[in-house]
Amino acid sequence: MMRQGSWGVVAALVAPLVWSSVAIAQQPAEGGDTPPTGGDAPAGGDMSADAGAGEEGLGEEDPARPPPAGKGVVWGVVTDAATKEPIFDAQVAVVGAPSKVLADVDGRFRLELPPGEYTLRVWYELYTAQRVQNVRVVAGAVAKIDVALSTDKQAEDVIEVEAEVERASVGAQLLIRKNAAQVGDAIGAQEIARTPDRSASEAARRVVGATVVGNRYVVVRGLGDRYTNSLLNGAPLPSPEPDRQAVPLDLFPTLILSDITILKSFTPDMPGDFAGGSVRINTRELPSKLLAQAQITLGLNSVSTFQDRVSYAGGGLDWLGMDDGTRALPAGFPNYKVTRLAEKPDGTVMSNDELTGHGRQLAQTLGSMETTRTQNLPNGSGNLVLGNTFDLPRGQKLGFTTALSYGRRFTRRPDEVLRTYLPPPTATSDEIGPRNTYVADTGIDTVAWGGFGSATWNSGKDHKVTLTGIYSRASENEGREIAGFNDERNVNVTDTRLRFVERALTFGQLLGEHRFPDLAHATLTWNASASLASSEEPGTRQNVYTQDASTGVYGWEESTLSGSYFFSEQTERSLGAGFDWLQPLGEGELAPKLKLGGLMTLRRRSFDSRRFRFIPFQGQSDGTEEEEEEQQAIFRQSPDQLFTAEYIGTELILREETRNTDTYNADYDVFSGYLMTDAALTRAVRVVVGGRVEASRQTINSFSPYAPELAPVMNELASVTLLPAVSLLYKVTSTSNVRLGLSKTVARPQLRELAPFVFTDYFGAREIVGEPGLTQTSIYNADLRFELFPGTGEVMAVSAFYKQFQDPIEQVIIPSGRGIVSYQNAPGGRNAGIELEMRKTLGFMAPALRDFQLIANLTLVSSRVSLNTDDLGVQTNAVRPLAGQSPYVVNLGLDYAGEETGTRARVLYNVFGPRISQVGSNRLPDVYEEPRHQLDVTFAQRLGQHVDLKLTLENLLDSPVLFTQGEDAEGEANVVNRFRNGVSGALGVVITN
C-alpha cells in the first residue's frame, strides 16, 4: 500500500537530516561563550533585523579579510579627532538592530553584514556619538570607513532607529527570523530565483511545513486553506474564488516579490483567523539606483508540447485571460426567467415562440457546443522591471518600481482515470466494486499576467509613505472529454465540457511609516487599502451522449448536465485600514515597549449564476416507426449539428433551471484592536504578551430573483472573541534561541460554505451544497522551537506544536442518491506535530564543498477529528484525520553557488503524505490523495555583467497524481483519479542593467 511504503522514504530522509543536525550542534557557536547582546527589536517578524555580529574584539585577525559567503564587510579605525590616537573599546553599532562590535587596541572594528543599506552609530564614553549614514553593503565586497570622534563631556546616548535591510536575501531572512517574536519561516526573492517557481504559490511550497493544493492554495502544517490567511504588505487580501475564502497565490508572479513569510504562531498584532499559518506576501523594496531587468523564458512539456489537446472555438481575447463576450449571454437576453409559461415582468406568460427565439439566440451566439483539437505550442513567459530612486531637496527621496509580467502555459492531460465505487454489499464486508469507470482527456490553456507599481516618498530618516498598486489576471480555458461505463445506467457514456474561468485582483494600498525621536523613538505605521476580486465563468457548456446497446451508436442523452449552459459571476469588494503604534517605555536595549493598534476590513461579495438546459420538445406527437427512426437520427448528430435553429423549437426547447439559491449576497466584516507589551526581562529573555479582540459579522442572503414570493435564505454569524497570546524568546547563546508561544485563534466558515448554492462537477459526480448553520471554530495553540544559527545563511531548528480545535468545520455526506457533499461543525479535533529544519554549508566536510549548501526540512503531523455521532448519517468514519491533513511533508535541496564563475545550481525534492480529499459514506472508505514525489533541477550561469541564463527541469520523476479509496481483495488500491503532469523544461535569459 502506498501510504505505508511512503514512511520508508521518510525514514531514509530523516537519517541524514538528524546526522547533519548533530554535526551542526557539535560545532562551536559563532561568538563562543560571548553573552547574548540582547535585542531592541519590536514585536513582529517584519519589524526588525539582527545583523548577527557578536559583541567581541577582533584580536590579531586582519579586519580587511574577505567576508563569508553571502555577506559584505565594513571595517575601519576609530580615532580621537584631536590626538589621532585610536580609541580602544569604541562601540560600533548597526542602528535599528542589536548588532555591535568593540574596537580593538588599534581602534579597528569589523562588521559582517547581509547586503543592504545601513546607518552606523559610533560611540565611546566622553565622546560625541557619530552616525554614519547610507553605508552600502555588497555581498563579497569589503569597504573601509574610518571615524574620528570628538570629546564632549555632555554627550548623550541617543539611539536612532534606522536600518533598511534587503529582505530578499537568505541571510536577511534568517536574521529577521532570529529576532522575531513569532515562530515563522520565509523564502526571499534571491532564494526563489534559484527555483523553477513562477508564482507565489509555487514558491510557498519551499517553506518548512507548507504544501500547495491545486497549484494555488497554501496548506501549512497539513491544515487546509480554511486555517490560513493571506496578507499583502500587512493588509488582508480578498478572494476571487466562489468556493474558497483562501487567496489563490498563483495570482502573484515571483517577479514582484521581496519575500514570502509564513508565521505559524500568533501574536496580538496580527489577524487571528488562522491556525496553520499566516501567509505574508511582501513586495519589492525601492532600488537604491536605476534598476532595469527583462526576462524571457520558453518551456516544453513531455506530455503537452506539440501534442494535440482538447479545445474548442473561443474568443479573440483569450490570450489576455478574458472573454471578449463570445461566451456571454446574448445582448438583450431577458433578465427574467426564461422557461415555458414563465411569468414575465409585464404580467404575461412566455409563449413557445418566444422561448424558441431565445433558445436559438443563445445557441447561435455562444457558438460551438463540441470539442475540437488544437496543437499545443511551447510554454512562454516574459517580464520587465524598471525602478529608480531620486534625491530631492532637504534629504528627501522619491523612488518607484514598476513591473509587468505575462505567461501562457498549455497543458494536455490524456488518459486520466475517473472512478466511483459502490458500497460493500453487506455490513460485514469491506470489498467495494466500481460504479462508474471513465477515462478523461483534458486540455487547458492557462494565461496569467499582471502589473505592479510602487512609489515611495521618504522625508529624511523618519517618515516614509508608499503607494502600491497591483493588477493580476489569470484564466483557465478548458476542453474536456470523458468516456466510459456508467454502471448506474448500465450504458457507455461520453461527457464533454467546454469551460472558461477568469479571475482578477485589483489592489491598491497606501502605507505610512513614521518615527518620532522626541517620543522616545516611538514609531507609527498605518495602511489603507481597497481591492476588487472577481471571478467569472461565462458560458460553460456540457453534453452527454450514451451508446445504444443494440446498434452501438451514440445518441444525445437528456440529463441534468446534458445540453446545459452555466453562467456565473462573483465580485468581492474590500476596504481596509489599520495602524500600529510602538512606544518604547524608556531608553536602552532592555527598555520595554508597548504596542497597540487596530484593523478594520469590510468585504462585500455578490454571486450570481444562471443555468439553462435544452430538453426534448414535449409538444411533438407519436409518429410512425420511420418518423421515430428519423427523430432518433437527429439526436445522433454531433452537438454542433443538433443545437441549431432547425431543431430548436421542433425537437429541442430551452428551459431555465436557475435555482432559488443560485444568487446570494454576503458581507464579511471584521473590526479588531489589540494591546501588547514586548519586554526584555534580561539580555537573554524576552516576553511578548497581550490580547486581541476581534468582532466579526458574516451574513448570507441567498434568494431567487425570479420568485420574490419565496422568503430568502438568510443567515448571520456574529461573534466577539478575545484572542490572548504570550510568546517567550530565550537567547541561549548569541547564535541560538528557544521560543515558546501560547495563543488562541479562530477559523470562520468560508462564505461559500454558508451559501446553499449547489454545484456538480461532472456526470455521475456528487453535488456540493453549503450549510447556513455553521459556527466559528476556536483553536488553542502551543508552539515550541529551538533554533541554532551556526553561520551566515545557516540554520538548524526543531519545533513542536499542538492545536486543539473546538467546533471544527468538516466535510460530511448528506443522504440522498449518490450523497450530497456538505459541511458540519464537529465536536472537536486535535493536531500535533514536529518540524525539523536544516540549512548548512558543506564546507565543514571539505574545503572543496564550501560552495555547496544542504537544505532540508521535515514535518510530521498527527491529527484527529470526531464527528457528531447523533448527526453522523451516512458517514463511514466518526473519527478520522482532519480533511486535507498530510501526516508528513519533506523538502530536500542541494544548492551550489560559485561566486567566481557565476554558476548556480539547485536540486529540489518534495513529497507530502496521504491526505483526505473526500470523506467516505455508506461504508465507503475515505478518498485519499496519495504522496507525489517531485524532483526539480535549476541551473543558472552568469554571462558577463548583465546577462544570466537559467535552465529549469521540473517534475523529473513524473509521479502520478493519484487519489484512492480503500483496497480491493488483492490489496491493491482502488483508484478514484489518476493522471500525470509530464516532465517540463524551460530555458530563460535575464538581462539587467
# chains A, B, ... in the order shown; residues from 1 in each chain; ligands from 1

call {"tool": "select_by_dssp", "arguments": {"residues": "segment 507-740 of chain A", "states": "helix (DSSP H, G or I)", "output": "JSON, numbers by chain"}}
result
{"A": [517, 518, 519, 625, 626, 627, 628, 629, 630, 631, 632, 633, 634, 635, 639, 640, 641, 642]}

call {"tool": "write_last_selection", "arguments": {"atoms": "N, CA and C atoms", "output": "PDB file, in the first residue's frame"}}
result
ATOM      1  N   PRO A 517      11.537  60.738  17.207  1.00  0.00           N
ATOM      2  CA  PRO A 517      12.652  60.735  18.158  1.00  0.00           C
ATOM      3  C   PRO A 517      12.314  61.421  19.473  1.00  0.00           C
ATOM      4  N   ASP A 518      11.467  62.444  19.452  1.00  0.00           N
ATOM      5  CA  ASP A 518      11.141  63.172  20.677  1.00  0.00           C
ATOM      6  C   ASP A 518      10.202  62.404  21.595  1.00  0.00           C
ATOM      7  N   LEU A 519       9.620  61.326  21.108  1.00  0.00           N
ATOM      8  CA  LEU A 519       8.728  60.493  21.916  1.00  0.00           C
ATOM      9  C   LEU A 519       9.385  59.153  22.210  1.00  0.00           C
ATOM     10  N   GLU A 625     -42.978   4.383 -37.287  1.00  0.00           N
ATOM     11  CA  GLU A 625     -41.652   3.893 -36.958  1.00  0.00           C
ATOM     12  C   GLU A 625     -40.595   4.646 -37.763  1.00  0.00           C
ATOM     13  N   GLU A 626     -40.923   4.950 -39.025  1.00  0.00           N
ATOM     14  CA  GLU A 626     -39.972   5.698 -39.842  1.00  0.00           C
ATOM     15  C   GLU A 626     -39.721   7.080 -39.258  1.00  0.00           C
ATOM     16  N   GLU A 627     -40.795   7.720 -38.791  1.00  0.00           N
ATOM     17  CA  GLU A 627     -40.650   9.046 -38.199  1.00  0.00           C
ATOM     18  C   GLU A 627     -39.856   8.979 -36.902  1.00  0.00           C
ATOM     19  N   GLU A 628     -40.087   7.941 -36.105  1.00  0.00           N
ATOM     20  CA  GLU A 628     -39.330   7.797 -34.867  1.00  0.00           C
ATOM     21  C   GLU A 628     -37.852   7.538 -35.152  1.00  0.00           C
ATOM     22  N   GLU A 629     -37.580   6.716 -36.193  1.00  0.00           N
ATOM     23  CA  GLU A 629     -36.201   6.463 -36.561  1.00  0.00           C
ATOM     24  C   GLU A 629     -35.528   7.747 -37.053  1.00  0.00           C
ATOM     25  N   GLU A 630     -36.286   8.544 -37.793  1.00  0.00           N
ATOM     26  CA  GLU A 630     -35.754   9.816 -38.274  1.00  0.00           C
ATOM     27  C   GLU A 630     -35.444  10.742 -37.107  1.00  0.00           C
ATOM     28  N   GLN A 631     -36.346  10.714 -36.122  1.00  0.00           N
ATOM     29  CA  GLN A 631     -36.118  11.563 -34.949  1.00  0.00           C
ATOM     30  C   GLN A 631     -34.896  11.097 -34.167  1.00  0.00           C
ATOM     31  N   GLN A 632     -34.727   9.788 -34.017  1.00  0.00           N
ATOM     32  CA  GLN A 632     -33.558   9.271 -33.312  1.00  0.00           C
ATOM     33  C   GLN A 632     -32.274   9.636 -34.044  1.00  0.00           C
ATOM     34  N   ALA A 633     -32.348   9.639 -35.379  1.00  0.00           N
ATOM     35  CA  ALA A 633     -31.171  10.006 -36.160  1.00  0.00           C
ATOM     36  C   ALA A 633     -30.775  11.450 -35.897  1.00  0.00           C
ATOM     37  N   ILE A 634     -31.779  12.287 -35.673  1.00  0.00           N
ATOM     38  CA  ILE A 634     -31.481  13.684 -35.359  1.00  0.00           C
ATOM     39  C   ILE A 634     -30.648  13.777 -34.091  1.00  0.00           C
ATOM     40  N   PHE A 635     -31.013  12.991 -33.082  1.00  0.00           N
ATOM     41  CA  PHE A 635     -30.323  13.070 -31.790  1.00  0.00           C
ATOM     42  C   PHE A 635     -28.995  12.318 -31.793  1.00  0.00           C
ATOM     43  N   PRO A 639     -23.129  17.705 -31.409  1.00  0.00           N
ATOM     44  CA  PRO A 639     -23.768  18.871 -30.784  1.00  0.00           C
ATOM     45  C   PRO A 639     -23.904  20.067 -31.720  1.00  0.00           C
ATOM     46  N   ASP A 640     -22.895  20.330 -32.536  1.00  0.00           N
ATOM     47  CA  ASP A 640     -22.962  21.497 -33.412  1.00  0.00           C
ATOM     48  C   ASP A 640     -23.994  21.332 -34.520  1.00  0.00           C
ATOM     49  N   GLN A 641     -24.347  20.086 -34.831  1.00  0.00           N
ATOM     50  CA  GLN A 641     -25.409  19.848 -35.810  1.00  0.00           C
ATOM     51  C   GLN A 641     -26.774  19.834 -35.147  1.00  0.00           C
ATOM     52  N   LEU A 642     -26.814  19.413 -33.886  1.00  0.00           N
ATOM     53  CA  LEU A 642     -28.097  19.269 -33.190  1.00  0.00           C
ATOM     54  C   LEU A 642     -28.607  20.612 -32.680  1.00  0.00           C
TER      55      LEU A 642
END

call {"tool": "residues_around", "arguments": {"residues": "segment 942-948 of chain A", "least_positions_apart": "2", "cutoff": "6 Å", "atoms": "only C-alpha atoms", "output": "PyMOL selection string"}}
result
chain A and resi 902+989-993

call {"tool": "closest_residue", "arguments": {"among": "A:Val147, A:Val95, A:Leu590, A:Val544", "to": "Phe614 of chain A", "atoms": "only C-alpha atoms"}}
result
A:Val544

call {"tool": "closest_atom_pairs", "arguments": {"of": "segment 457-568 of chain A", "to": "segment 381-397 of chain A", "cutoff": "6 Å", "atoms": "only C-alpha atoms", "output": "JSON lines"}}
result
{"residue": "A:Trp457", "atom": "CA", "partner": "A:Lys397", "partner_atom": "CA", "distance": 5.8}
{"residue": "A:Asn458", "atom": "CA", "partner": "A:Lys397", "partner_atom": "CA", "distance": 4.9}
{"residue": "A:Ser459", "atom": "CA", "partner": "A:Gln396", "partner_atom": "CA", "distance": 4.6}
{"residue": "A:Gly460", "atom": "CA", "partner": "A:Gln396", "partner_atom": "CA", "distance": 5.2}

call {"tool": "closest_residue", "arguments": {"among": "A:Leu849, A:Val688, A:Ile470, A:Ala707", "to": "Pro724 of chain A", "atoms": "only C-alpha atoms"}}
result
A:Val688

call {"tool": "residues_around", "arguments": {"residues": "segment 319-329 of chain A", "least_positions_apart": "6", "cutoff": "12 Å", "atoms": "only C-alpha atoms", "output": "ChimeraX atom specification"}}
result
/A:312-313,335,358-359,361-369,405-410,445-450,472-477,498-504,534-541,565-569,609-612

call {"tool": "closest_residue", "arguments": {"among": "A:Ala292, A:Leu742, A:Ala139, A:Leu298", "to": "Val183 of chain A", "atoms": "only C-alpha atoms"}}
result
A:Leu742

call {"tool": "residues_around", "arguments": {"residues": "segment 792-805 of chain A", "least_positions_apart": "6", "cutoff": "7 Å", "atoms": "only C-alpha atoms", "output": "list in words"}}
result
Ser21, Val170, Gly171, Leu174, Thr777, Ser778, Ile779, Tyr780, Asn781, Ala782, Asp783, Leu784, Arg785, Phe786, Gly828, Gly829, Arg830, Asn831, Ala832, Gly833, Ile834, Glu835, Leu836, Glu837, Met838, Arg839, Lys840 and Thr841 of chain A

call {"tool": "write_last_selection", "arguments": {"atoms": "C-alpha atoms", "output": "CSV table (one decimal), in the first residue's frame"}}
result
chain,number,residue,atom,x,y,z
A,21,SER,CA,21.9,18.4,12.8
A,170,VAL,CA,18.8,34.4,2.5
A,171,GLY,CA,20.9,36.0,5.2
A,174,LEU,CA,17.3,34.3,8.7
A,777,THR,CA,-14.1,27.4,15.2
A,778,SER,CA,-11.9,28.1,18.2
A,779,ILE,CA,-8.3,26.9,18.2
A,780,TYR,CA,-5.9,26.7,21.1
A,781,ASN,CA,-2.3,26.7,20.0
A,782,ALA,CA,1.0,25.8,21.6
A,783,ASP,CA,4.4,26.1,19.8
A,784,LEU,CA,7.9,25.3,21.0
A,785,ARG,CA,11.0,25.8,18.9
A,786,PHE,CA,14.8,25.5,19.3
A,828,GLY,CA,-13.7,18.6,18.5
A,829,GLY,CA,-10.3,17.7,17.0
A,830,ARG,CA,-6.6,18.0,17.5
A,831,ASN,CA,-3.4,18.5,15.5
A,832,ALA,CA,0.1,17.8,16.8
A,833,GLY,CA,3.5,17.5,15.2
A,834,ILE,CA,7.1,18.3,14.9
A,835,GLU,CA,9.3,20.1,12.4
A,836,LEU,CA,13.0,19.6,11.7
A,837,GLU,CA,14.8,22.1,9.6
A,838,MET,CA,18.4,22.5,8.4
A,839,ARG,CA,20.3,24.8,6.1
A,840,LYS,CA,24.0,24.1,6.3
A,841,THR,CA,27.0,24.9,4.1

call {"tool": "residues_around", "arguments": {"residues": "segment 429-441 of chain A", "least_positions_apart": "3", "cutoff": "10 Å", "atoms": "only C-alpha atoms", "output": "PyMOL selection string"}}
result
chain A and resi 309-310+412-426+479-496+763-765+923-925+965-969+974-979
